[in-house]
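K.L.:
Got a structure for you, target_7.tsv, holding TSV, C-alpha atoms.
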chain	number	residue	atom	x	y	z
A	245	MET	CA	133.87	374.92	93.90
A	246	ALA	CA	135.98	375.96	96.91
A	247	SER	CA	139.68	375.14	96.81
A	248	GLN	CA	140.74	372.15	98.83
A	249	LYS	CA	142.84	373.08	101.85
A	250	ILE	CA	146.26	371.63	102.64
A	251	LEU	CA	148.38	372.14	105.76
A	252	VAL	CA	152.13	371.61	105.24
A	253	VAL	CA	154.14	370.80	108.38
A	254	ASP	CA	157.93	370.66	108.06
A	255	ASP	CA	160.73	372.22	110.10
A	256	ASP	CA	162.87	372.79	107.00
A	257	PRO	CA	161.85	376.19	105.59
A	258	ALA	CA	163.18	375.36	102.13
A	259	ILE	CA	161.05	372.22	101.83
A	260	ARG	CA	158.05	373.87	103.47
A	261	ASN	CA	158.16	376.86	101.12
A	262	LEU	CA	158.81	374.72	98.04
A	263	ILE	CA	155.81	372.50	98.71
A	264	SER	CA	153.60	375.44	99.63
A	265	ARG	CA	154.43	377.35	96.44
A	266	TYR	CA	153.92	374.29	94.26
A	267	LEU	CA	150.54	373.41	95.78
A	268	THR	CA	149.37	377.01	95.61
A	269	GLN	CA	150.17	376.97	91.89
A	270	GLN	CA	148.00	373.82	91.66
A	271	ASN	CA	145.08	375.89	93.01
A	272	TYR	CA	145.05	374.50	96.54
A	273	GLU	CA	144.61	376.74	99.57
A	274	VAL	CA	147.76	376.23	101.63
A	275	GLU	CA	148.95	377.03	105.16
A	276	SER	CA	152.25	375.91	106.66
A	277	ALA	CA	153.79	375.28	110.07
A	278	LYS	CA	157.34	374.66	111.28
A	279	ASP	CA	156.53	372.61	114.40
A	280	GLY	CA	153.84	370.58	116.10
A	281	GLU	CA	152.51	373.32	118.35
A	282	THR	CA	151.95	375.72	115.45
A	283	ALA	CA	150.54	372.90	113.34
A	284	LEU	CA	147.83	372.05	115.88
A	285	GLN	CA	146.83	375.70	116.23
A	286	LEU	CA	146.51	376.01	112.46
A	287	PHE	CA	144.82	372.64	112.21
A	288	ASP	CA	141.91	373.77	114.38
A	289	ALA	CA	141.60	377.18	112.73
A	290	PHE	CA	142.22	376.14	109.11
A	291	ASN	CA	140.38	372.77	109.12
A	292	PRO	CA	142.45	371.29	106.28
A	293	ASP	CA	141.35	368.52	103.93
A	294	LEU	CA	144.89	367.11	103.88
A	295	VAL	CA	147.97	367.45	106.10
A	296	ILE	CA	151.40	366.91	104.56
A	297	LEU	CA	153.38	366.04	107.65
A	298	ASP	CA	157.11	365.61	108.24
A	299	VAL	CA	157.94	362.74	110.59
A	300	ASN	CA	160.82	364.58	112.29
A	301	LEU	CA	159.76	367.81	114.02
A	302	PRO	CA	161.60	369.84	116.69
A	303	ASP	CA	158.93	369.50	119.40
A	304	THR	CA	157.20	366.22	118.55
A	305	THR	CA	157.09	363.47	115.97
A	306	GLY	CA	154.96	363.31	112.88
A	307	PHE	CA	153.65	359.98	114.15
A	308	ALA	CA	152.33	361.56	117.37
A	309	LEU	CA	150.92	364.54	115.48
A	310	CYS	CA	149.21	362.26	112.97
A	311	GLN	CA	147.55	360.36	115.80
A	312	GLU	CA	146.42	363.57	117.50
A	313	MET	CA	144.97	365.00	114.30
A	314	GLN	CA	143.21	361.75	113.48
A	315	SER	CA	141.59	361.80	116.91
A	316	ARG	CA	140.11	365.24	116.15
A	317	THR	CA	138.89	364.75	112.59
A	318	ARG	CA	139.16	362.18	109.81
A	319	VAL	CA	141.64	364.37	107.94
A	320	PHE	CA	143.81	362.83	105.25
A	321	VAL	CA	147.51	362.61	106.19
A	322	LEU	CA	150.50	362.27	103.85
A	323	LEU	CA	153.72	361.62	105.78
A	324	LEU	CA	157.11	362.95	104.64
A	325	THR	CA	160.28	361.31	105.88
A	326	SER	CA	163.88	360.51	105.16
A	327	LEU	CA	163.34	357.13	106.87
A	328	THR	CA	163.15	354.25	104.43
A	329	GLY	CA	162.53	351.26	106.70
A	330	GLU	CA	159.32	349.29	106.24
A	331	ALA	CA	158.67	349.34	110.01
A	332	ASP	CA	158.48	353.14	109.94
A	333	LYS	CA	156.02	353.09	107.07
A	334	ILE	CA	153.84	350.49	108.79
A	335	LYS	CA	153.88	352.56	111.98
A	336	GLY	CA	152.59	355.57	110.06
A	337	PHE	CA	149.80	353.58	108.44
A	338	ASP	CA	148.87	352.07	111.79
A	339	LEU	CA	148.38	355.59	113.15
A	340	GLY	CA	146.02	356.56	110.36
A	341	ALA	CA	148.26	357.99	107.63
A	342	ASP	CA	146.86	357.61	104.12
A	343	ASP	CA	150.15	357.70	102.26
A	344	TYR	CA	153.89	357.99	102.76
A	345	ILE	CA	156.52	359.67	100.58
A	346	THR	CA	160.27	359.43	101.12
A	347	LYS	CA	162.68	362.35	100.78
A	348	PRO	CA	164.04	363.36	98.36
A	349	PHE	CA	160.96	363.39	96.13
A	350	GLY	CA	159.85	365.13	92.96
A	351	LEU	CA	157.07	367.69	93.02
A	352	ALA	CA	155.24	365.86	90.23
A	353	GLU	CA	155.16	362.71	92.35
A	354	LEU	CA	153.97	364.69	95.36
A	355	GLY	CA	151.23	366.27	93.26
A	356	ALA	CA	150.08	362.88	91.98
A	357	ARG	CA	149.81	361.51	95.50
A	358	VAL	CA	147.95	364.59	96.74
A	359	ARG	CA	145.43	364.31	93.90
A	360	ALA	CA	144.96	360.59	94.53
A	361	ILE	CA	144.27	361.15	98.23
A	362	LEU	CA	141.93	364.10	97.76
A	363	LYS	CA	140.01	362.29	95.03
A	364	ARG	CA	138.32	360.34	97.82
A	365	GLN	CA	136.61	363.53	98.89
A	366	ARG	CA	134.86	364.12	95.61
A	367	SER	CA	131.15	363.41	95.58
A	368	VAL	CA	129.92	360.52	93.48
A	369	GLU	CA	126.39	360.01	92.22
A	370	GLU	CA	124.43	358.15	94.85
A	371	THR	CA	123.16	355.74	92.21
A	372	GLU	CA	126.75	354.66	91.70
A	373	MET	CA	127.32	354.19	95.43
A	374	ARG	CA	124.65	351.92	96.80
A	375	SER	CA	124.58	350.90	100.45
A	376	LEU	CA	125.70	347.34	101.06
A	377	THR	CA	124.09	345.11	103.69
A	378	TYR	CA	125.50	341.70	104.56
A	379	GLY	CA	123.77	340.32	107.62
A	380	ASP	CA	124.52	342.68	110.51
A	381	LEU	CA	127.19	344.59	108.53
A	382	VAL	CA	126.01	347.75	106.79
A	383	ILE	CA	128.29	349.89	104.60
A	384	ASP	CA	126.87	353.28	103.60
A	385	PRO	CA	129.09	354.92	100.93
A	386	VAL	CA	127.12	358.17	100.80
A	387	ARG	CA	127.54	358.90	104.51
A	388	ARG	CA	130.81	356.91	104.51
A	389	GLU	CA	129.73	355.01	107.60
A	390	VAL	CA	129.98	351.37	108.63
A	391	TYR	CA	127.74	349.67	111.19
A	392	ILE	CA	127.73	346.26	112.83
A	393	ARG	CA	124.53	345.50	114.70
A	394	ASP	CA	123.68	349.22	114.63
A	395	ARG	CA	127.01	350.09	116.26
A	396	GLN	CA	129.07	352.51	114.17
A	397	ILE	CA	132.59	351.34	113.37
A	398	SER	CA	135.26	354.04	113.06
A	399	LEU	CA	137.31	353.65	109.87
A	400	SER	CA	139.83	355.99	108.29
A	401	ALA	CA	138.97	357.33	104.84
A	402	LEU	CA	141.32	354.88	103.17
A	403	GLU	CA	140.11	351.94	105.27
A	404	PHE	CA	136.54	352.73	104.24
A	405	ASP	CA	137.44	352.88	100.54
A	406	LEU	CA	139.32	349.59	100.75
A	407	LEU	CA	136.47	347.82	102.55
A	408	TYR	CA	133.87	349.19	100.12
A	409	CYS	CA	135.99	348.15	97.14
A	410	LEU	CA	136.12	344.56	98.42
A	411	ALA	CA	132.52	344.39	99.65
A	412	LYS	CA	130.87	345.72	96.49
A	413	LYS	CA	132.18	342.67	94.63
A	414	PRO	CA	131.86	339.80	97.11
A	415	GLY	CA	133.48	336.58	96.03
A	416	ARG	CA	136.00	338.29	93.77
A	417	ALA	CA	139.65	337.58	94.54
A	418	TRP	CA	141.63	340.82	94.29
A	419	ARG	CA	145.35	340.92	93.70
A	420	ARG	CA	147.21	343.42	95.86
A	421	SER	CA	148.30	345.30	92.73
A	422	GLU	CA	144.65	345.58	91.65
A	423	LEU	CA	143.62	346.98	95.02
A	424	LEU	CA	146.44	349.51	94.89
A	425	GLN	CA	145.29	350.70	91.50
A	426	GLU	CA	141.60	350.72	92.45
A	427	VAL	CA	141.87	352.36	95.89
A	428	TRP	CA	145.10	354.36	95.78
A	429	ASP	CA	144.57	355.19	92.10
A	430	TYR	CA	148.18	354.90	90.99
A	431	GLU	CA	150.98	352.39	90.90
A	432	TYR	CA	153.04	351.70	94.03
A	433	GLU	CA	156.33	350.16	93.05
A	434	GLY	CA	157.33	347.58	95.64
A	435	GLU	CA	154.75	348.89	98.11
A	436	GLN	CA	152.20	346.07	98.09
A	437	ARG	CA	152.82	345.48	101.80
A	438	VAL	CA	150.71	348.59	102.42
A	439	VAL	CA	147.61	346.61	101.42
A	440	ASP	CA	148.32	343.99	104.09
A	441	VAL	CA	148.71	346.67	106.75
A	442	HIS	CA	145.37	348.30	105.97
A	443	ILE	CA	143.57	344.96	105.67
A	444	GLY	CA	144.90	344.13	109.13
A	445	GLN	CA	143.53	347.40	110.50
A	446	ILE	CA	140.10	346.77	109.00
A	447	ARG	CA	140.02	343.22	110.35
A	448	LYS	CA	140.69	344.48	113.88
A	449	LYS	CA	137.53	346.58	113.61
A	450	ILE	CA	135.04	344.29	111.86
A	451	GLU	CA	136.11	340.68	112.35
A	452	PRO	CA	134.84	338.73	115.38
A	453	ASP	CA	138.21	336.92	115.53
A	454	THR	CA	141.16	338.48	113.70
A	455	ASP	CA	143.06	335.18	113.89
A	456	LYS	CA	140.27	333.50	111.93
A	457	PRO	CA	138.83	336.20	109.61
A	458	VAL	CA	135.50	335.30	108.03
A	459	LEU	CA	134.64	338.55	106.21
A	460	ILE	CA	137.91	339.48	104.49
A	461	LYS	CA	139.69	336.29	103.56
A	462	THR	CA	143.25	335.86	102.38
A	463	ILE	CA	143.50	334.06	99.05
A	464	ARG	CA	146.87	332.35	99.08
A	465	GLY	CA	149.09	333.41	96.21
A	466	VAL	CA	146.61	336.07	95.08
A	467	GLY	CA	145.41	338.61	97.64
A	468	TYR	CA	142.06	339.16	99.36
A	469	MET	CA	138.36	338.47	98.95
A	470	PHE	CA	135.24	339.70	100.75
A	471	ASP	CA	133.08	336.72	101.68
A	472	ARG	CA	129.42	337.63	102.25
A	473	ARG	CA	128.93	334.27	103.94
A	474	GLY	CA	131.11	335.50	106.79
A	475	ASN	CA	128.04	337.25	108.18
A	476	GLU	CA	126.38	333.89	108.64
A	477	GLU	CA	128.99	333.06	111.27
A	478	PRO	CA	127.69	333.46	114.85
A	479	ARG	CA	128.96	336.64	116.51
A	480	PRO	CA	129.65	336.95	120.23
Show the structure stored in the file as structure tokens.

P.N.:
Amino acid sequence: MASQKILVVDDDPAIRNLISRYLTQQNYEVESAKDGETALQLFDAFNPDLVILDVNLPDTTGFALCQEMQSRTRVFVLLLTSLTGEADKIKGFDLGADDYITKPFGLAELGARVRAILKRQRSVEETEMRSLTYGDLVIDPVRREVYIRDRQISLSALEFDLLYCLAKKPGRAWRRSELLQEVWDYEYEGEQRVVDVHIGQIRKKIEPDTDKPVLIKTIRGVGYMFDRRGNEEPRP
């Protein structure tokens, strides 16, 4: 099996080299860049599976670079930052980032997050991943595609996994902590807000009216539930 490829983008050579050495020792194929311009050149040539991306770069921002990379491919993005505010984290997730780690961080924690993200790329037996059809909504886990009335809906890798997790067990009320464990595959301490952000992004793409969601419903005091009856609602 070919090694998974990771692009590390950070203007601090010490951090860049530390991460690169560690990930190489973990049997990943690694390239690194010190700024946005170099990162985009490498991105096209290297075609990474994951980009570890510093928010503060000398010629651009990690947010802008994340958005640009997401527009080219559905690459996974892990943001690095010294910013701790929730608004900054939400901004990163809104732009397509899959995860967010705050400096300073331990290499073991970084490795755990990298493994959790890249796990989504592993193939799963098709018998375990059946297509789901609810009215005019079709979710194909093998091709990782979502359609509404034969129109393909563009979802990030994490958005797809979260939607599929909910939709494969319609009527089940999921706690945010359960969704974090199921989709992210490890515990987020105090980070349950991330679930709300991604649910909001999915709703924008599949709900006829985001103010009155009928597919992914909020269960007060618990979390979220996929309601198959939402497809019985008339669509514009």

K.L.:
Closest to A:Asp254 among A:Gly467, A:Gly306, A:Gly355, A:Pro414, using all atoms listed in the file?

P.N.:
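Comparing A:Gly467, A:Gly306, A:Gly355, A:Pro414 against A:Asp254, the winner is A:Gly306.
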
K.L.:
Can you work out the spacing between atom CA of A:Asn271 and atom CA of A:Pro257 in Å, to one decimal?

P.N.:
21.0 Å

K.L.:
Could you produce a table of the residues of stretch 258-341 of chain A lying within 9 Å of stretch 398-408 of chain A, with the nearest pair of atoms per residue and their separation in Å rounded to one decimal, using all atoms listed in the file, ordered by chain and increasing residue number, as a tab-separated table?

P.N.:
residue	atom	partner	partner_atom	distance
A:Gln314	CA	A:Ser400	CA	8.5
A:Arg318	CA	A:Ser400	CA	6.4
A:Val319	CA	A:Ala401	CA	8.1
A:Phe320	CA	A:Ala401	CA	7.3
A:Gly340	CA	A:Ser400	CA	6.6
A:Ala341	CA	A:Ser400	CA	8.7

K.L.:
Return the single residue from A:Asp256, A:Asp440, A:Asp293, A:Asp288 that is closest to A:Glu273, with distances computed using all atoms listed in the file.

P.N.:
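The answer is A:Asp293, which sits nearest to A:Glu273.
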
K.L.:
With distances taken over only C-alpha atoms, which of A:Leu424, A:Ile460, A:Leu251, A:Ile443 is nearest to A:Ala411?

P.N.:
A:Ile460

K.L.:
Quick check, in Å to one decimal: how far apart do atom CA of A:Leu322 and atom CA of A:Leu262 lie?

P.N.:
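The value is 16.1 Å.
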
K.L.:
Under the rule that only C-alpha atoms are counted, which of A:Leu381, A:Leu339, A:Leu423, A:Ala258 is the nearest residue to A:Leu410?

P.N.:
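Counting only C-alpha atoms, the residue closest to A:Leu410 is A:Leu423.
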
K.L.:
What is the distance between atom CA of A:Asp255 and atom CA of A:Asp429, in Å to one decimal?

P.N.:
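About the pair atom CA of A:Asp255 and atom CA of A:Asp429: they are 29.6 Å apart.
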
K.L.:
Of the candidates A:Val441, A:Leu376, A:Val466, A:Ile250, which shows the shortest atom-to-atom distance to A:Asn291, using all atoms listed in the file?

P.N.:
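Checking each candidate against A:Asn291, we get A:Ile250 as the closest.
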
K.L.:
For A:Arg447, find every residue with an atom within 9 Å (counting all atoms listed in the file), except residues of its own chain fewer than 4 positions away, and show them as JSON, numbers by chain.

P.N.:
{"A": [442, 443, 451, 452, 453, 454, 457, 459, 460]}

K.L.:
Could you check the closest approach to A:Asp471 for each of A:Leu323, A:Leu354, A:Ala417, A:Val427 and tell me which residue wins, using all atoms listed in the file?

P.N.:
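Checking each candidate against A:Asp471, we get A:Ala417 as the closest.
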
K.L.:
I'd like the contact shell of A:Asn300 - 9 Å cut-off, all atoms listed in the file, skipping same-chain residues fewer than 3 positions apart - returned as a PyMOL selection string.

P.N.:
chain A and resi 254-255+297+303-307+324-326

K.L.:
Padding of 6 Å on every side, edges along x, y and z, all listed atoms of stretch 395-411 of chain A included: what centre and edge lengths in Å, to one decimal, does that box have, as JSON?

P.N.:
{"center_x": 134.2, "center_y": 350.9, "center_z": 106.7, "size_x": 26.3, "size_y": 24.9, "size_z": 31.1}
